[in-house]
>>> print(open('structure-v3.pdb').read())   # PDB, C-alpha atoms
MODEL        1
ATOM      1  CA  MET J 801     196.444  48.464 199.222
ATOM      2  CA  LYS J 802     197.584  48.504 195.623
ATOM      3  CA  SER J 803     196.596  51.644 193.742
ATOM      4  CA  PRO J 804     193.982  50.959 191.045
ATOM      5  CA  ARG J 805     195.519  51.272 187.607
ATOM      6  CA  THR J 806     192.730  50.914 185.084
ATOM      7  CA  PHE J 807     189.898  53.318 184.486
ATOM      8  CA  GLU J 808     187.443  50.592 185.483
ATOM      9  CA  GLU J 809     189.226  49.873 188.779
ATOM     10  CA  GLN J 810     189.428  53.566 189.613
ATOM     11  CA  THR J 811     185.735  54.093 188.843
ATOM     12  CA  GLU J 812     184.863  51.186 191.114
ATOM     13  CA  CYS J 813     186.892  52.671 193.989
ATOM     14  CA  ILE J 814     185.351  56.115 193.500
ATOM     15  CA  VAL J 815     181.777  54.808 193.407
ATOM     16  CA  GLU J 816     182.426  52.644 196.471
ATOM     17  CA  ALA J 817     183.745  55.682 198.363
ATOM     18  CA  LEU J 818     180.718  57.683 197.251
ATOM     19  CA  LEU J 819     178.231  54.973 198.227
ATOM     20  CA  SER J 820     179.915  54.318 201.560
ATOM     21  CA  ASP J 821     179.683  57.981 202.433
ATOM     22  CA  LEU J 822     176.097  58.380 201.202
ATOM     23  CA  LEU J 823     174.908  55.277 203.033
ATOM     24  CA  GLY J 824     176.878  55.996 206.208
ATOM     25  CA  GLU J 825     178.836  52.769 205.931
ATOM     26  CA  ASP J 826     182.467  51.962 206.513
ATOM     27  CA  GLU J 827     184.221  53.315 209.564
ATOM     28  CA  TRP J 828     187.233  54.207 207.396
ATOM     29  CA  LEU J 829     185.166  56.737 205.506
ATOM     30  CA  ALA J 830     183.610  58.076 208.684
ATOM     31  CA  SER J 831     186.976  59.582 209.519
ATOM     32  CA  ARG J 832     187.236  61.028 205.987
ATOM     33  CA  SER J 833     183.832  62.488 205.291
ATOM     34  CA  LEU J 834     183.418  63.652 201.717
ATOM     35  CA  GLU J 835     181.859  66.828 203.068
ATOM     36  CA  THR J 836     184.963  67.774 205.081
ATOM     37  CA  ASP J 837     187.837  66.384 203.040
ATOM     38  CA  SER J 838     189.001  69.757 201.757
ATOM     39  CA  PHE J 839     192.282  69.592 203.693
ATOM     40  CA  ALA J 840     193.278  66.341 202.006
ATOM     41  CA  GLU J 841     192.243  67.704 198.633
ATOM     42  CA  SER J 842     194.195  70.933 199.028
ATOM     43  CA  HIS J 843     197.190  68.916 200.214
ATOM     44  CA  ALA J 844     196.972  66.648 197.150
ATOM     45  CA  GLU J 845     196.664  69.679 194.865
ATOM     46  CA  GLY J 846     199.722  71.189 196.555
ATOM     47  CA  GLU J 847     201.653  68.027 195.753
ATOM     48  CA  LEU J 848     200.638  68.319 192.123
ATOM     49  CA  SER J 849     201.774  71.910 191.920
ATOM     50  CA  ALA J 850     205.051  70.902 193.565
ATOM     51  CA  GLY J 851     205.726  68.576 190.641
ATOM     52  CA  ALA J 852     204.286  65.245 191.784
ATOM     53  CA  GLU J 853     202.828  63.166 188.989
ATOM     54  CA  ALA J 854     199.038  62.965 188.696
ATOM     55  CA  SER J 855     199.067  59.170 188.583
ATOM     56  CA  SER J 856     200.483  59.063 192.114
ATOM     57  CA  THR J 857     197.676  61.249 193.491
ATOM     58  CA  PHE J 858     194.695  58.976 192.926
ATOM     59  CA  ASP J 859     192.489  59.260 195.997
ATOM     60  CA  SER J 860     188.991  57.879 195.557
ATOM     61  CA  VAL J 861     187.613  59.882 198.500
ATOM     62  CA  ILE J 862     188.839  63.188 197.076
ATOM     63  CA  ILE J 863     187.467  62.377 193.632
ATOM     64  CA  ALA J 864     184.146  61.250 195.121
ATOM     65  CA  SER J 865     184.047  64.564 196.984
ATOM     66  CA  ARG J 866     184.537  66.413 193.704
ATOM     67  CA  LEU J 867     181.689  64.413 192.178
ATOM     68  CA  ARG J 868     179.428  65.293 195.119
ATOM     69  CA  ARG J 869     180.159  68.982 194.663
ATOM     70  CA  LEU J 870     179.376  68.632 190.964
ATOM     71  CA  GLY J 871     176.125  66.867 191.869
ATOM     72  CA  ASP J 872     175.240  69.703 194.217
ATOM     73  CA  GLN J 873     175.028  71.970 191.176
ATOM     74  CA  TYR J 874     171.964  70.036 189.999
ATOM     75  CA  ASN J 875     169.040  71.669 191.786
ATOM     76  CA  GLU J 876     166.086  70.182 189.941
ATOM     77  CA  ASP J 877     163.336  68.289 191.756
ATOM     78  CA  LEU J 878     164.143  64.588 191.837
ATOM     79  CA  GLU J 879     161.013  63.252 193.539
ATOM     80  CA  GLN J 880     159.246  62.016 190.378
ATOM     81  CA  PRO J 881     162.346  60.587 188.662
ATOM     82  CA  ALA J 882     163.372  58.844 191.881
ATOM     83  CA  GLN J 883     159.917  57.329 192.362
ATOM     84  CA  ARG J 884     160.022  56.017 188.804
ATOM     85  CA  VAL J 885     163.478  54.482 189.366
ATOM     86  CA  ILE J 886     162.319  52.870 192.613
ATOM     87  CA  ALA J 887     159.171  51.445 191.001
ATOM     88  CA  GLU J 888     161.046  50.050 188.008
ATOM     89  CA  MET J 889     163.838  48.588 190.141
ATOM     90  CA  ALA J 890     161.207  46.877 192.283
ATOM     91  CA  LYS J 891     160.122  45.140 189.067
ATOM     92  CA  GLY J 892     163.713  44.054 188.452
ATOM     93  CA  LYS J 893     164.515  46.739 185.886
ATOM     94  CA  VAL J 894     167.875  47.931 187.239
ATOM     95  CA  GLU J 895     168.626  49.777 184.005
ATOM     96  CA  GLU J 896     165.988  52.421 184.812
ATOM     97  CA  PHE J 897     168.510  54.435 186.819
ATOM     98  CA  GLY J 898     170.716  54.775 183.734
ATOM     99  CA  VAL J 899     167.772  55.662 181.507
ATOM    100  CA  MET J 900     166.667  58.360 183.934
ATOM    101  CA  VAL J 901     170.198  59.772 184.337
ATOM    102  CA  ASP J 902     170.652  59.936 180.570
ATOM    103  CA  SER J 903     167.307  61.674 180.067
ATOM    104  CA  LEU J 904     167.814  64.222 182.850
ATOM    105  CA  SER J 905     171.415  64.867 181.714
ATOM    106  CA  LYS J 906     170.405  65.581 178.136
ATOM    107  CA  SER J 907     167.662  67.910 179.309
ATOM    108  CA  TRP J 908     169.880  69.786 181.760
ATOM    109  CA  SER J 909     172.826  70.109 179.360
ATOM    110  CA  SER J 910     170.558  71.391 176.578
ATOM    111  CA  LEU J 911     169.322  74.133 178.921
ATOM    112  CA  ASN J 912     172.923  74.930 179.962
ATOM    113  CA  PRO J 913     175.100  74.648 176.827
ATOM    114  CA  GLY J 914     178.329  75.470 178.678
ATOM    115  CA  LEU J 915     177.823  72.525 181.003
ATOM    116  CA  GLY J 916     178.204  69.711 178.489
ATOM    117  CA  TYR J 917     176.473  66.351 178.513
ATOM    118  CA  GLU J 918     179.352  64.544 180.231
ATOM    119  CA  ARG J 919     179.482  66.820 183.263
ATOM    120  CA  ALA J 920     175.675  66.870 183.428
ATOM    121  CA  PHE J 921     175.679  63.057 183.338
ATOM    122  CA  LEU J 922     178.084  62.834 186.268
ATOM    123  CA  ALA J 923     176.250  65.524 188.244
ATOM    124  CA  VAL J 924     172.806  64.007 187.728
ATOM    125  CA  SER J 925     173.964  60.450 188.463
ATOM    126  CA  VAL J 926     175.553  61.521 191.746
ATOM    127  CA  LYS J 927     172.625  63.727 192.762
ATOM    128  CA  LEU J 928     170.033  61.046 191.968
ATOM    129  CA  LEU J 929     172.107  58.412 193.770
ATOM    130  CA  ALA J 930     172.381  60.701 196.823
ATOM    131  CA  TYR J 931     168.622  61.289 196.764
ATOM    132  CA  LEU J 932     167.898  57.561 196.530
ATOM    133  CA  SER J 933     170.401  56.862 199.321
ATOM    134  CA  ARG J 934     168.402  59.047 201.670
ATOM    135  CA  LYS J 935     164.995  57.728 200.595
ATOM    136  CA  VAL J 936     165.626  54.010 199.966
ATOM    137  CA  PRO J 937     169.175  52.891 200.822
ATOM    138  CA  ALA J 938     168.579  49.327 199.596
ATOM    139  CA  VAL J 939     167.779  50.634 196.105
ATOM    140  CA  ALA J 940     170.872  52.856 196.062
ATOM    141  CA  ARG J 941     173.112  49.856 196.802
ATOM    142  CA  ARG J 942     171.650  47.970 193.810
ATOM    143  CA  ILE J 943     172.372  50.743 191.317
ATOM    144  CA  GLN J 944     175.115  49.835 188.875
ATOM    145  CA  LEU J 945     176.824  53.240 188.736
ATOM    146  CA  VAL J 946     180.263  51.759 188.007
ATOM    147  CA  GLU J 947     178.951  50.012 184.902
ATOM    148  CA  LEU J 948     176.960  53.087 183.908
ATOM    149  CA  ILE J 949     180.038  55.343 183.948
ATOM    150  CA  ASN J 950     182.442  52.777 182.490
ATOM    151  CA  GLY J 951     179.971  51.915 179.732
ATOM    152  CA  ASN J 952     179.277  55.468 178.621
ATOM    153  CA  ARG J 953     181.858  56.219 175.921
ATOM    154  CA  GLU J 954     181.221  59.965 176.005
ATOM    155  CA  VAL J 955     181.682  60.273 179.766
ATOM    156  CA  ARG J 956     184.646  57.914 179.821
ATOM    157  CA  GLY J 957     186.293  59.769 176.931
ATOM    158  CA  TYR J 958     185.672  63.089 178.666
ATOM    159  CA  ILE J 959     187.470  61.898 181.799
ATOM    160  CA  GLU J 960     190.294  60.140 179.956
ATOM    161  CA  THR J 961     191.070  63.094 177.655
ATOM    162  CA  ARG J 962     191.598  65.224 180.760
ATOM    163  CA  GLY J 963     194.193  62.818 182.138
ATOM    164  CA  GLY J 964     191.945  60.397 184.023
ATOM    165  CA  TRP J 965     190.098  60.548 187.301
ATOM    166  CA  GLU J 966     193.127  62.056 189.062
ATOM    167  CA  ASN J 967     192.598  65.264 187.107
ATOM    168  CA  PHE J 968     188.819  65.408 187.382
ATOM    169  CA  GLU J 969     187.673  68.778 188.661
ATOM    170  CA  ASN J 970     184.131  69.686 189.620
TER
ENDMDL
END
>>> encode(input="structure-v3.pdb", output="structure tokens")
Amino acid sequence: MKSPRTFEEQTECIVEALLSDLLGEDEWLASRSLETDSFAESHAEGELSAGAEASSTFDSVIIASRLRRLGDQYNEDLEQPAQRVIAEMAKGKVEEFGVMVDSLSKSWSSLNPGLGYERAFLAVSVKLLAYLSRKVPAVARRIQLVELINGNREVRGYIETRGGWENFEN
């Protein structure tokens, strides 16, 4: 498979890896669980330190694993926000997920100034998606996380100024 080159293509691969793992789909990912992919990640990091270029180390499963660990840092109760997202999506309002992520991210980052909005945004979006995946898998599949990340200039700029997804650290 050709390695994704654009930010948009990479985001799509990462979100697909994340969703496949969260929803228990895809036999390929079953052998590379995001929870237990630390060997592959440490191996990839070893390649980087040995002088390999970052652009050759794009691995959507490793990056999705990093996003999950970042999401694990968000320990707030998600029951009410998730119920609101589910109710609004049932009415056809798919943008509610993005509205909720933005609101929760701003709140969390204001309480934790060292965190930054961009990292809070990624953490909350992953954590809320994981929560919805467990509660209502059909809703999780309809969420437009790729568009949400690609369309957020602050988050996109944050990732790109650090050298792209390949260099994203949780």
>>> residues_around(input="structure-v3.pdb", residues="Glu812 of chain J", least_positions_apart="3", cutoff="9 Å", atoms="all atoms listed in the file", output="VMD selection string")
chain J and resid 807 to 809 815 to 817 945 to 947
>>> residues_around(input="structure-v3.pdb", residues="segment 961-965 of chain J", least_positions_apart="4", cutoff="8 Å", atoms="all atoms listed in the file", output="list in words")
Phe807, Gln810, Thr811, Phe858, Ile863 and Gly957 of chain J
>>> closest_residue(input="structure-v3.pdb", among="J:Ala930, J:Asn952, J:Arg919, J:Arg866", to="Val899 of chain J", atoms="only C-alpha atoms")
J:Asn952
>>> atom_distance(input="structure-v3.pdb", atom1="atom CA of Gln944 of chain J", atom2="atom CA of Glu895 of chain J")
8.1 Å
>>> closest_residue(input="structure-v3.pdb", among="J:Thr806, J:Ser933, J:Arg941, J:Leu928", to="Glu876 of chain J", atoms="only C-alpha atoms")
J:Leu928
>>> resolve_selection(input="structure-v3.pdb", expression="the PyMOL selection byres ((chain J and resi 823) around 9)", output="ChimeraX atom specification")
/J:818-822,824-826,930,933-934,937,940-941
>>> resolve_selection(input="structure-v3.pdb", expression="the PyMOL selection byres ((chain J and resi 920) around 10)", output="mmCIF file with C-alpha atoms, in the coordinates of the input")
data_model
loop_
_atom_site.group_PDB
_atom_site.id
_atom_site.type_symbol
_atom_site.label_atom_id
_atom_site.label_comp_id
_atom_site.auth_asym_id
_atom_site.auth_seq_id
_atom_site.Cartn_x
_atom_site.Cartn_y
_atom_site.Cartn_z
ATOM 1 C CA LEU J 870 179.376 68.632 190.964
ATOM 2 C CA GLY J 871 176.125 66.867 191.869
ATOM 3 C CA GLN J 873 175.028 71.970 191.176
ATOM 4 C CA TYR J 874 171.964 70.036 189.999
ATOM 5 C CA VAL J 901 170.198 59.772 184.337
ATOM 6 C CA ASP J 902 170.652 59.936 180.570
ATOM 7 C CA LEU J 904 167.814 64.222 182.850
ATOM 8 C CA SER J 905 171.415 64.867 181.714
ATOM 9 C CA LYS J 906 170.405 65.581 178.136
ATOM 10 C CA SER J 907 167.662 67.910 179.309
ATOM 11 C CA TRP J 908 169.880 69.786 181.760
ATOM 12 C CA SER J 909 172.826 70.109 179.360
ATOM 13 C CA SER J 910 170.558 71.391 176.578
ATOM 14 C CA ASN J 912 172.923 74.930 179.962
ATOM 15 C CA LEU J 915 177.823 72.525 181.003
ATOM 16 C CA GLY J 916 178.204 69.711 178.489
ATOM 17 C CA TYR J 917 176.473 66.351 178.513
ATOM 18 C CA GLU J 918 179.352 64.544 180.231
ATOM 19 C CA ARG J 919 179.482 66.820 183.263
ATOM 20 C CA PHE J 921 175.679 63.057 183.338
ATOM 21 C CA LEU J 922 178.084 62.834 186.268
ATOM 22 C CA ALA J 923 176.250 65.524 188.244
ATOM 23 C CA VAL J 924 172.806 64.007 187.728
ATOM 24 C CA SER J 925 173.964 60.450 188.463
ATOM 25 C CA VAL J 926 175.553 61.521 191.746
ATOM 26 C CA VAL J 955 181.682 60.273 179.766
#
>>> atom_distance(input="structure-v3.pdb", atom1="atom CA of Cys813 of chain J", atom2="atom CA of Ser860 of chain J")
5.8 Å
>>> atom_distance(input="structure-v3.pdb", atom1="atom CA of Asn875 of chain J", atom2="atom CA of Pro913 of chain J")
16.4 Å
>>> closest_residue(input="structure-v3.pdb", among="J:Val885, J:Ile959, J:Ser865, J:Asn967", to="Lys935 of chain J", atoms="only C-alpha atoms")
J:Val885
>>> closest_residue(input="structure-v3.pdb", among="J:Tyr958, J:Glu969, J:Gly951, J:Val939", to="Lys891 of chain J", atoms="all atoms listed in the file")
J:Val939
>>> axis_aligned_box(input="structure-v3.pdb", around="segment 912-928 of chain J", padding_each_side="5 Å", output="lines of an AutoDock Vina configuration file")
center_x = 174.8
center_y = 68.0
center_z = 184.8
size_x = 19.4
size_y = 25.0
size_z = 25.9
>>> closest_residue(input="structure-v3.pdb", among="J:Ile886, J:Arg805, J:Ile814, J:Gln880", to="Ile949 of chain J", atoms="all atoms listed in the file")
J:Ile814
